[in-house]
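The structure appears right after this line, and notes come after that.
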Amino acid sequence: MNNSLTPSRRALKGKNIIIGICGGIAAYKTPQLVRLLKKKGADVRVALTESGSRFVSELSLATVSQAQVYRSIFPPAENPGTDFTTHITLGEWADALVIAPATANTLARLAAGFCDDMLATCFITLRPGKPVLIFPAMDGQMYLSPSVQRNLATLKALGAIIIEPESGELASGQCGTGRMPEPEAIAAHIESALLSMDCPSVLRGRSIVITAGPTREKIDDVRFISNYSSGKMGFAIAGAAAERGANVTLIAGPVNLDTPHGVERINVESAAQMREAAGNFFRSCDIFIGAAAVADYRPAAVIPGKLKKNDPEIQFTLVKNPDILSDFGLQKQTGQLAVGFALEQDNGPANARKKLEEKNLDLVALNFSDRKTSGFEVDTNMLTLIERGGITTELPLLSKEEAARKLLDTIENICRQT
Ligand code: PMT
């Protein structure tokens, strides 16, 4: 084994990938994508739609993939004797089908089960369990249209992984959501889909709800009480859980972070909104992870408009916010897991254990915040994982991504024992 290969490079090595290309301007990026995947060790075949061939040439794609480019499911007229079963064997050959860019038209064809070209047919002949990644790219209004959204929902229900297009300048010259990610980002999505296929995790298919970031508690219409949470820790857990195949819902306070791929995000502002959003999953989720720094108190009443600075001193009454994690922990049913964080300055282990008991948690991740190496804002964190049965694991200072993976490893162990 070549240990110099990173896990992500290993994910593509020797894998058979079909790239389905539809007729959108983003198709110009696809020869670069094919080259990148080949460089990472994948064997690539291209299924090009009729409209796709207007944006990118068959010759370019055949050159970079070093293979024939497929369009129709019928043998070429000049060579009628060729095999007419390629539409089946190609689908069976593939370890993943990647449709990039996916146009509104092809989404409709796939959702309806059409088999009118090689791309649509491979969608149906791909072996069960092999990932289909769909990268919709089109005008922003088209993308948001009810019919496109309905077709995406149908494809998602069929098991396809839908990667939200990016926001930015579109071919129309307008700004909006509809841009296809760059080839490097597409390759990363394929790698993580393949990795989660190769290393089945007990979290695969489980529903995990994660709270992340701060909450804002309004004083008046322009001011609020909050804290320094950036959301990085919770987002790292969400991304790592999605990589393991979990169905992740991330309930995020106001933060400036991109949604990790494969994650459903619900944006909220206050603790009350976070409680309401989380409550909708209390009965259905398998695992609830509280990584948010929820404000413990909020002003008893929000002052309408902007508070004037006429008085030398003002006083607020603060009232306690709902404890979201505790509400979940105290009502959870057999088979559900409650995981919390404890942000402590003194007597860390004792206070974390107290929180574990009081909130009826299965696992608590103790951390402290110096805003230099650990806790709020920074990219690293030092966690001590305390399990209900008393097992305690002190992790070293790690990136938040690595700390998230270690936390999930422990959650996996707990899942295996229950
Ligand atoms: O967001 P980052 O900048 O990456 O920083 C990460 C973090 C420091 C915010 C994170 O690692 C962390 O420690 N989150 C929990 C912070 C916190 O509020 O700790 P606590 O000890 O006060 O709360 C204990 C647990 O109860 C936490 O899981 C918290 O999410 C939950 N809680 C607390 C209060 C409340 N009203 N509702 C809750 O759900």
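FYI, nothing fancy with the structure tokens labels: chains A, B, ... in order, residues from 1 per chain, ligands from 1 as they appear.
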
Selection as a PyMOL selection string: residues within 7 Å of ligand 1 by only C-alpha atoms and all ligand atoms: chain A and resi 211-214+228-234+271+289-296+321-326+340-344+355+367+369+375-378

Which of region 171-296 of chain A DSSP labels strand (DSSP E or B), written as a ChimeraX atom specification: /A:175-179,207-212,214,217-218,220,224-225,247-252,263-267,287-290,293

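With distances restricted to only C-alpha atoms, A:Val268 is the closest residue to Leu250 (chain A) from A:Ala187, A:Val56, A:Ala171, A:Val268.
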
Between CA of Gly205 (chain A) and CA of Ala242 (chain A), distance in Å (one decimal): 9.5 Å

Surrounding residues of Asp221 (chain A) excluding itself and chain neighbours under 6 positions, 12 Å, only C-alpha atoms, as a list in words: Ala301, Val302, Ile303, Pro304, Gly305, Lys306, Leu307 and Lys308 of chain A

Print the selection's residues with all heavy atoms to a file, as a PDB file, in the first residue's frame.
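Everything below was put into again_16.pdb:
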ATOM      1  N   ALA A 301     -38.431  41.454  27.779  1.00  0.00           N
ATOM      2  CA  ALA A 301     -39.276  42.059  26.726  1.00  0.00           C
ATOM      3  C   ALA A 301     -38.358  42.757  25.731  1.00  0.00           C
ATOM      4  O   ALA A 301     -37.347  43.346  26.121  1.00  0.00           O
ATOM      5  CB  ALA A 301     -40.230  43.055  27.342  1.00  0.00           C
ATOM      6  N   VAL A 302     -38.700  42.677  24.452  1.00  0.00           N
ATOM      7  CA  VAL A 302     -37.908  43.358  23.420  1.00  0.00           C
ATOM      8  C   VAL A 302     -38.435  44.788  23.307  1.00  0.00           C
ATOM      9  O   VAL A 302     -39.647  45.008  23.178  1.00  0.00           O
ATOM     10  CB  VAL A 302     -38.040  42.632  22.057  1.00  0.00           C
ATOM     11  CG1 VAL A 302     -37.248  43.356  20.981  1.00  0.00           C
ATOM     12  CG2 VAL A 302     -37.585  41.185  22.182  1.00  0.00           C
ATOM     13  N   ILE A 303     -37.522  45.765  23.412  1.00  0.00           N
ATOM     14  CA  ILE A 303     -37.945  47.171  23.321  1.00  0.00           C
ATOM     15  C   ILE A 303     -38.208  47.499  21.853  1.00  0.00           C
ATOM     16  O   ILE A 303     -37.341  47.255  20.999  1.00  0.00           O
ATOM     17  CB  ILE A 303     -36.823  48.081  23.894  1.00  0.00           C
ATOM     18  CG1 ILE A 303     -36.640  47.766  25.381  1.00  0.00           C
ATOM     19  CG2 ILE A 303     -37.136  49.554  23.670  1.00  0.00           C
ATOM     20  CD1 ILE A 303     -35.338  48.231  25.960  1.00  0.00           C
ATOM     21  N   PRO A 304     -39.388  47.986  21.538  1.00  0.00           N
ATOM     22  CA  PRO A 304     -39.658  48.274  20.110  1.00  0.00           C
ATOM     23  C   PRO A 304     -38.784  49.433  19.615  1.00  0.00           C
ATOM     24  O   PRO A 304     -38.479  50.348  20.369  1.00  0.00           O
ATOM     25  CB  PRO A 304     -41.145  48.667  20.087  1.00  0.00           C
ATOM     26  CG  PRO A 304     -41.637  48.615  21.480  1.00  0.00           C
ATOM     27  CD  PRO A 304     -40.502  48.355  22.414  1.00  0.00           C
ATOM     28  N   GLY A 305     -38.339  49.375  18.371  1.00  0.00           N
ATOM     29  CA  GLY A 305     -37.513  50.437  17.787  1.00  0.00           C
ATOM     30  C   GLY A 305     -36.105  50.391  18.328  1.00  0.00           C
ATOM     31  O   GLY A 305     -35.580  49.317  18.649  1.00  0.00           O
ATOM     32  N   LYS A 306     -35.466  51.585  18.473  1.00  0.00           N
ATOM     33  CA  LYS A 306     -34.082  51.657  18.957  1.00  0.00           C
ATOM     34  C   LYS A 306     -34.073  52.376  20.306  1.00  0.00           C
ATOM     35  O   LYS A 306     -34.555  53.509  20.411  1.00  0.00           O
ATOM     36  CB  LYS A 306     -33.243  52.425  17.927  1.00  0.00           C
ATOM     37  CG  LYS A 306     -31.789  52.492  18.269  1.00  0.00           C
ATOM     38  CD  LYS A 306     -30.995  53.222  17.201  1.00  0.00           C
ATOM     39  CE  LYS A 306     -29.569  53.422  17.663  1.00  0.00           C
ATOM     40  NZ  LYS A 306     -29.019  54.706  17.304  1.00  0.00           N
ATOM     41  N   LEU A 307     -33.508  51.696  21.291  1.00  0.00           N
ATOM     42  CA  LEU A 307     -33.463  52.257  22.646  1.00  0.00           C
ATOM     43  C   LEU A 307     -32.669  53.565  22.643  1.00  0.00           C
ATOM     44  O   LEU A 307     -31.533  53.609  22.160  1.00  0.00           O
ATOM     45  CB  LEU A 307     -32.792  51.219  23.555  1.00  0.00           C
ATOM     46  CG  LEU A 307     -32.572  51.578  25.006  1.00  0.00           C
ATOM     47  CD1 LEU A 307     -33.902  51.711  25.740  1.00  0.00           C
ATOM     48  CD2 LEU A 307     -31.726  50.506  25.684  1.00  0.00           C
ATOM     49  N   LYS A 308     -33.252  54.642  23.197  1.00  0.00           N
ATOM     50  CA  LYS A 308     -32.573  55.949  23.246  1.00  0.00           C
ATOM     51  C   LYS A 308     -31.589  55.969  24.405  1.00  0.00           C
ATOM     52  O   LYS A 308     -31.821  55.349  25.440  1.00  0.00           O
ATOM     53  CB  LYS A 308     -33.614  57.052  23.430  1.00  0.00           C
ATOM     54  CG  LYS A 308     -34.551  57.201  22.237  1.00  0.00           C
ATOM     55  CD  LYS A 308     -34.016  58.227  21.257  1.00  0.00           C
ATOM     56  CE  LYS A 308     -34.927  58.399  20.065  1.00  0.00           C
ATOM     57  NZ  LYS A 308     -34.439  57.781  18.849  1.00  0.00           N
TER      58      LYS A 308
END

Alpha helix (DSSP H) per DSSP on the backbone: members of region 148-259 of chain A, as a count of residues only: 38

For region 16-19 of chain A: contacts at 8 Å, only C-alpha atoms, fewer than 5 positions along chain excluded, given as a PyMOL selection string: chain A and resi 34+42-47+93-100

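Considering only C-alpha atoms, the residue among A:Pro136, A:Gly329, A:Gly113, A:Gly52 positioned nearest to Leu356 (chain A) is A:Gly329.
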
Residues near Ser284 (chain A), cut-off 10 Å, only C-alpha atoms, skip fewer than 6 positions along chain, as a ChimeraX atom specification: /A:207-209,332-333,336

Spatial neighbours of Pro349 (chain A), max dist 9 Å, only C-alpha atoms, sep filter under 6 positions, as a PyMOL selection string: chain A and resi 366+384+386

Top pick for closest residue to Pro165 (chain A), considering A:Ala67, A:Ala185, A:Leu398, A:Ala193 and counting only C-alpha atoms: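 Using only C-alpha atoms, Pro165 (chain A) sits closest to A:Ala185.
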
Contact residues around Leu36 (chain A) with only C-alpha atoms at 12 Å, ignoring same-chain residues under 4 positions, as number ranges by chain: A: 9, 12-13, 29-32, 40-44, 64-65, 182-188, 190

Distance criterion (only C-alpha atoms): nearest to Arg244 (chain A) out of A:Leu397, A:Met197, A:Leu158, A:Ile134: A:Met197
